[in-house]
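Engineer: Let me begin by handing over the structure; questions about it come next.
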Amino acid sequence: MFERSSAKYSSASSSVVHARRRSRRMLGLGAVALALVSCAPLQYPARTAAHTDDFGKAVGTAAVRRGGDLVMGLSNEPDRLDPTTSSSLYTRYVMSSICEKLYDNDAAGNIVPQLATALPTYSADGLTVSIPVRTGVRFADGTEFDAEAVRTSLMRHFTMKTSQRKSEMGPISSIDTDGPATVVVHFTKPFSPFTAALADRAGMIMSPAALAKEGKNFADHPVCVGAFKFVRRVPQTEIVVQRDPLYYDARDVHLDTITYRIMPDANIRAANLRSGDIQVADTISPQDVDALAKEPSLHLLQARGLNFRGMYINIGNVDGVGKPTKQIDTPLAKDPRVREALSLSIDRNTLVNTVFDNWFEAACSPIVPQTTFATPAGIACPTYDPQRSRKLLAAAGVKIPYRIELQVQDTQDQLRYAQALQANIAAGGFQLDVVPTEYSTLLGVQKRGTYQALLIGWSGRIDPDANITLFNRTGASSNYTGYSSPTVDDLLAQASQSTDTATRAGLYGQVVQNLQQDNPYIYTYRERLLTVQSKQVTGIQVFPDGVVRVAKAAFLVNGKD
C-alpha cells in the first residue's frame with residue numbers, strides 16, 4: 001500500500017491506456033456503484049462485524065527445521081531499495097529483512113531498540129539527543145557497524161537532495177559522534193517525533209563502504225545490517241534475499257532464503273496460497289479473506305493499522321514535489337468550497353462497509369482513533385450532506401455536475417471502491433471520471449503532480465507528526481498537493497516541539513479542523529491489515545505499522561506447531 005516509486009518500471013501513458021482497457025472488462029462494479037446511489041445516508045453506525053487482532057507470534061519454543069525458502073506474495077512491486085529515497089510500504093517489507101533500524105515498533109505500538117541499545121536521552125532543553133548504538137556488529141559486506149557509520153547514514157537521509165526522510169527528521173543542525181558507540185544529534189528547536197522517525201526508514205543504517213561505492217545507485221546493491229542480505233531483483237517479478245552469516249543474531253534466523261514474488265492480482269495470490277506455492281501474502285482482499293480464513297491449511301493474521309486512504313487534490317504541485325508551487329487555475333484547486341463539497345458528498349461509512357464487506361472502517365482524519373493522540377476534534381467526521389454540497393458548488397459558481405478526473409490504482413478492490421465512489425458523489429453534484437493506473441506509475445504521477453485528484457493512501461506511523469506534517473506542511477518532502485497554510489505550519493511546529501501528549505493531541509485536533517476546511521487531502525477509510533500465511537510456517541508477524549515481518553520465520557517440523 002501507499003507511498004511512491006520511480007517511473008523506471010513502466011510508462012505512464014501506456015499504463016493508463018492498458019488500465020482503461022482492463023477497467024472496461026471488469027464486471028460487477030457498476031452494479032455495486034448503482035446500489036450505493038440508493039443507499040440511505042448512514043453516519044457511522046455500529047459496525048456489523050467484529051474482528052479480533054492476531055499479530056502472529058514469534059517462533060519461541062516451536063519445533064522448527066533449519067533452512068528452506070520462504071516465498072511471500074507481494075501485492076505491489078516495491079520502489080527502489082534505498083532507505084533514503086524510498087516511499088513504498090512494500091519496500092519496507094523487503095528492507096525489514098535486510099536493513100535494520102535504530103529502533104522498531106512492537107505489537108503494542110511501543111518503540112523498542114534494534115540497532116540502538118536503549119532509547120535516546122534528551123538534554124534539558126531538548127536540543128541535543130544522544131543515541132547509544134550496538135558494538136561488535138558488522139554489515140553484510142563485513143564493514144564494521146559503529147557510531148560513525150550511523151552518522152553517515154543519518155547525514156545522507158538529512159542532506160541528500162532526493163531524500164524522502166529530511167522532513168521526518170526535524171530541524172537538525174548537526175550530527176556528531178561521542179566515541180564508537182554514541183551518536184549525538186543537535187537540533188535548532190526541540191523535535192519530539194524524532195525517536196519515532198528512527199523506528200522507520202530514517203533509522204535504517206547503510207554500509208558506508210557500499211554508499212561510497214554505489215552512491216545514488218545504492219538501491220541496485222543495498223548493503224545493511226540484517227538477518228538477510230540482498231541477492232537479486234528481477235523487476236516486476238521477484239526480489240531474493242539470503243541468510244547473512246555475519247548477522248549479530250544469526251542463531252535466531254532459520255530460513256536460507258526469502259523470495260518476494262510480485263503478485264498484484266488478489267485472485268492469483270489467493271490461488272497460490274491454496275496451492276502452497278507461496279507461504280504468505282499481504283493485503284488480502286476483503287472479497288477473499290473469509291474463504292481463505294476457513295482453509296484448514298491457512299491462518300489469517302489481522303490487525304487495525306495506523307494507515308489511511310483518501311484523495312489527494314492537486315492545488316499547486318505543477319512542476320513536481322520539492323519545486324516551488326503554482327496555484328492551479330481550476331475551481332477544485334482554487335476554491336476550498338468545492339473541495340469541502342466533495343468531502344460532504346462522500347457517504348464514507350456506507351461506501352466502506354458495502355465495498356469491503358465490513359472489514360475496513362471509515363476515516364476522516366490522519367489521527368488513529370485508538371491512540372492517545374485522538375481527541376473529538378482530531379477524529380471528527382463531516383456529516384454526509386449532498387444537499388449542502390450542491391449549495392456550496394452553486395455558491396462557488398461552478399457548473400453542476402462538476403467534473404473531476406480521479407486516478408486510482410488498477411486493482412480490483414480499488415476499482416470497486418472508485419466506481420462506488422463515482423456513483424455516491426453524483427448526488428452531491430459531481431461527475432467522477434475514474435482513470436485506472438498501474439501502481440508504480442501512480443506513485444510517479446503523485447510526485448510529478450500530473451494529476452487532478454488521486455486516490456491513494458499511507459501505511460501510517462506511530463507518531464502523528466509523520467502522518468500529517470509530511471503531507472501538509474509547506475514545502476515538506478511529501479507535500480504532493482502543493483498545499484500551504486501558515487496556520488497549519490505553526491500548529492504543526494508547536495506540536496513537534498512539545499513533549500506533552502495531551503498538548504500535542506490538542507494541537508493536532510486544531511490541525512485537523514483546518515485541514516477539514518481546506519481539504520487538500522480528503523480522508524475516506526482506514527484498512528484493516530489482512531495477511532494470510534500457511535500453517536506450515538511460524539514466526540510471521542504483522543504489527544499496526546503495516547510491515548509484514550518474515551525475517552525470523554521458520555518452517556515447522558512436519559508442518560505442525
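Residue numbering restarts at 1 for every chain of the C-alpha cells, chains are lettered A, B, ... in their displayed order, and ligands are numbered from 1 as they appear.
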Give me the residues near Gln164 of chain A as a list in words, where near means some atom within 10 Å (using only C-alpha atoms) and where sequence neighbours in that chain fewer than 5 positions away do not count.
Structural biologist: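 Near Gln164 of chain A, the qualifying residues are Arg4, Pro83, Thr84, Thr85, Ser86, Ser87, His157, Phe158, Met169, Arg201, Ala202, Leu470, Ala476, Ser477 and Ser478 of chain A.
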Engineer: Which residues, written as a PDB file with N, CA and C atoms, in the first residue's frame, have at least one atom at most 12 Å from Gly215 of chain A, with only C-alpha atoms counted and residues fewer than 6 positions away on the same chain left out?
Structural biologist:
ATOM      1  N   ASP A  82      16.250   1.713  -1.409  1.00  0.00           N
ATOM      2  CA  ASP A  82      17.116   2.728  -0.828  1.00  0.00           C
ATOM      3  C   ASP A  82      16.350   3.409   0.299  1.00  0.00           C
ATOM      4  N   THR A  84      16.804   6.002   1.939  1.00  0.00           N
ATOM      5  CA  THR A  84      16.757   7.461   1.879  1.00  0.00           C
ATOM      6  C   THR A  84      15.682   7.956   0.931  1.00  0.00           C
ATOM      7  N   SER A 153      24.883   7.501   7.590  1.00  0.00           N
ATOM      8  CA  SER A 153      23.541   7.254   7.057  1.00  0.00           C
ATOM      9  C   SER A 153      22.571   8.369   7.422  1.00  0.00           C
ATOM     10  N   ARG A 156      23.123  11.316   5.271  1.00  0.00           N
ATOM     11  CA  ARG A 156      22.596  11.087   3.919  1.00  0.00           C
ATOM     12  C   ARG A 156      21.090  11.287   3.898  1.00  0.00           C
ATOM     13  N   MET A 160      20.626  14.504   1.451  1.00  0.00           N
ATOM     14  CA  MET A 160      20.533  14.104   0.045  1.00  0.00           C
ATOM     15  C   MET A 160      19.363  14.822  -0.627  1.00  0.00           C
ATOM     16  N   MET A 206      22.946   2.161   6.567  1.00  0.00           N
ATOM     17  CA  MET A 206      23.553   1.521   5.406  1.00  0.00           C
ATOM     18  C   MET A 206      25.068   1.431   5.560  1.00  0.00           C
ATOM     19  N   SER A 207      25.655   0.437   4.922  1.00  0.00           N
ATOM     20  CA  SER A 207      27.108   0.276   4.962  1.00  0.00           C
ATOM     21  C   SER A 207      27.783   1.497   4.346  1.00  0.00           C
ATOM     22  N   PRO A 208      28.660   2.182   5.082  1.00  0.00           N
ATOM     23  CA  PRO A 208      29.352   3.341   4.495  1.00  0.00           C
ATOM     24  C   PRO A 208      30.231   2.939   3.312  1.00  0.00           C
ATOM     25  N   ALA A 209      30.768   1.709   3.340  1.00  0.00           N
ATOM     26  CA  ALA A 209      31.577   1.253   2.203  1.00  0.00           C
ATOM     27  C   ALA A 209      30.711   1.108   0.961  1.00  0.00           C
ATOM     28  N   HIS A 221      22.399  -2.492  -5.221  1.00  0.00           N
ATOM     29  CA  HIS A 221      23.120  -3.479  -4.410  1.00  0.00           C
ATOM     30  C   HIS A 221      23.083  -3.018  -2.947  1.00  0.00           C
ATOM     31  N   PRO A 222      21.900  -3.006  -2.328  1.00  0.00           N
ATOM     32  CA  PRO A 222      21.792  -2.488  -0.960  1.00  0.00           C
ATOM     33  C   PRO A 222      22.529  -3.371   0.052  1.00  0.00           C
ATOM     34  N   VAL A 223      23.259  -2.719   0.958  1.00  0.00           N
ATOM     35  CA  VAL A 223      24.003  -3.442   1.996  1.00  0.00           C
ATOM     36  C   VAL A 223      23.733  -2.772   3.339  1.00  0.00           C
TER      37      VAL A 223
END
Engineer: As a ChimeraX atom specification, please: every residue in segment 351-492 of chain A that a backbone DSSP assignment puts in alpha helix (DSSP H).
Structural biologist: /A:351-355,376-379,386-395,412-424,439-448,465-472,486-492
Engineer: Leaving out Ser192 of chain A and any residue of its chain fewer than 6 positions from it, which residues lie within 8 Å of it when counting only C-alpha atoms, given as a ChimeraX atom specification?
Structural biologist: /A:496-499
Engineer: Please dump the current selection as a compact mmCIF listing (two decimals), in the first residue's frame; keep N, CA and C atoms.
Structural biologist:
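As written to disk, out.txt reads:
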# COMPACT_ATOMS: atom_id res chain seq x y z
N SER A 496 5.27 19.60 17.34
CA SER A 496 6.53 18.85 17.26
C SER A 496 7.51 19.25 18.36
N GLN A 497 7.35 20.42 18.93
CA GLN A 497 8.27 20.91 19.95
C GLN A 497 7.82 20.56 21.37
N SER A 498 6.60 20.04 21.50
CA SER A 498 6.07 19.70 22.82
C SER A 498 6.35 18.23 23.13
N THR A 499 6.59 17.93 24.40
CA THR A 499 6.75 16.55 24.84
C THR A 499 5.54 16.06 25.61
Engineer: By how many Å are atom CA of Leu351 of chain A and atom CA of Asp282 of chain A apart?
Structural biologist: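 Rounded to one decimal, the two atoms are 22.8 Å apart.
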Engineer: Find the residues near Thr372 of chain A: any atom within 9 Å, counting only C-alpha atoms, skip ones fewer than 3 places away on the same chain, and give them as JSON, numbers by chain.
Structural biologist: {"A": [368, 369, 375, 501, 502, 505]}
Engineer: Got time to write the residues from that selection, N, CA and C atoms, as a PDB file, in the first residue's frame?
Structural biologist:
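To be explicit, this is the file written out as result-v1.pdb:
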ATOM      1  N   VAL A 368      -5.275   8.339  14.353  1.00  0.00           N
ATOM      2  CA  VAL A 368      -5.807   6.995  14.581  1.00  0.00           C
ATOM      3  C   VAL A 368      -6.667   7.015  15.842  1.00  0.00           C
ATOM      4  N   PRO A 369      -7.944   6.608  15.761  1.00  0.00           N
ATOM      5  CA  PRO A 369      -8.862   6.743  16.908  1.00  0.00           C
ATOM      6  C   PRO A 369      -8.414   6.014  18.167  1.00  0.00           C
ATOM      7  N   THR A 375      -8.533  12.965  19.853  1.00  0.00           N
ATOM      8  CA  THR A 375      -9.438  13.857  20.566  1.00  0.00           C
ATOM      9  C   THR A 375     -10.714  13.976  19.735  1.00  0.00           C
ATOM     10  N   THR A 501       1.852  14.739  25.690  1.00  0.00           N
ATOM     11  CA  THR A 501       0.936  14.092  24.755  1.00  0.00           C
ATOM     12  C   THR A 501      -0.386  14.833  24.651  1.00  0.00           C
ATOM     13  N   ALA A 502      -0.944  15.259  25.785  1.00  0.00           N
ATOM     14  CA  ALA A 502      -2.234  15.954  25.754  1.00  0.00           C
ATOM     15  C   ALA A 502      -2.131  17.272  24.990  1.00  0.00           C
ATOM     16  N   ALA A 505      -1.873  16.398  21.323  1.00  0.00           N
ATOM     17  CA  ALA A 505      -3.163  15.920  20.819  1.00  0.00           C
ATOM     18  C   ALA A 505      -4.112  17.086  20.552  1.00  0.00           C
TER      19      ALA A 505
END
Engineer: Need the shell around Tyr402 of chain A: protein/DNA/RNA residues with any atom at most 7 Å away, counting only C-alpha atoms. Skip same-chain ones fewer than 2 positions apart. Format as a list of chain:residue names?
Structural biologist: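 Returned residues: A:Val398, A:Lys399, A:Ile400, A:Ile404, A:Gly429, A:Phe430, A:Gln431.
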Engineer: Counting only C-alpha atoms, which residue out of A:Pro132, A:Pro464, A:Pro286, A:Pro296 sits closest to Leu529 of chain A?
Structural biologist: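 Answer, going by the shortest atom-to-atom distance: A:Pro286.
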Engineer: Counting only C-alpha atoms, which of A:Leu81, A:Leu392, A:Ile540, A:Ala374 gets nearest to Val512 of chain A?
Structural biologist: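 Closest candidate: A:Ala374.
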Engineer: Neighbouring residues of Trp359 of chain A were defined as those with any atom within 9 Å, considering only C-alpha atoms; residues of the same chain fewer than 6 positions away were excluded. Please report them as a list in words.
Structural biologist: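 Final neighbour list, sorted by chain and number: Ala49, Ala50, His51, Pro286, Val352, Asn353, Glu527 and Arg528 of chain A.
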Engineer: Hey, what's within 10 Å of Pro401 of chain A if we count only C-alpha atoms and toss same-chain stuff fewer than 6 positions away? As a list in words, please?
Structural biologist: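 Residues near the query, excluding close chain neighbours: Arg390, Leu393, Ile425, Ala426, Ala427, Gly428, Gly429, Phe430, Gln431 and Leu432 of chain A.
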Engineer: Which residue gives the smallest distance to Arg337 of chain A among A:Ala493, A:Ala453, A:Ile175, A:Gln517, with only C-alpha atoms counted?
Structural biologist: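 Looking only at the distances to Arg337 of chain A, the closest residue turns out to be A:Gln517.
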Engineer: Could you tell me which of A:Glu238, A:Glu361, A:Asp54, A:Asp178 comes closest to Tyr525 of chain A if we count only C-alpha atoms?
Structural biologist: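 The shortest atom-to-atom distance to Tyr525 of chain A comes from A:Glu361.
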Engineer: Given the choices A:Asn105, A:Ser97, A:Ser173, A:Gln541, which gets closest to Arg461 of chain A if the distance is worked out from only C-alpha atoms?
Structural biologist: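 Of the candidates, the smallest distance to Arg461 of chain A is held by A:Asn105.
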Engineer: Check the smallest atom-to-atom distance from each of A:Lys535, A:Arg304, A:Arg151, A:Lys166 to Ala466 of chain A using only C-alpha atoms, then report the winner.
Structural biologist: A:Lys166
Engineer: Which of segment 306-552 of chain A counts as strand (DSSP E or B) under DSSP, as a PyMOL selection string please?
Structural biologist: chain A and resi 308-313+361-362+402-409+430-437+453-458+521-526+528-534+537-538+541-542+548-549
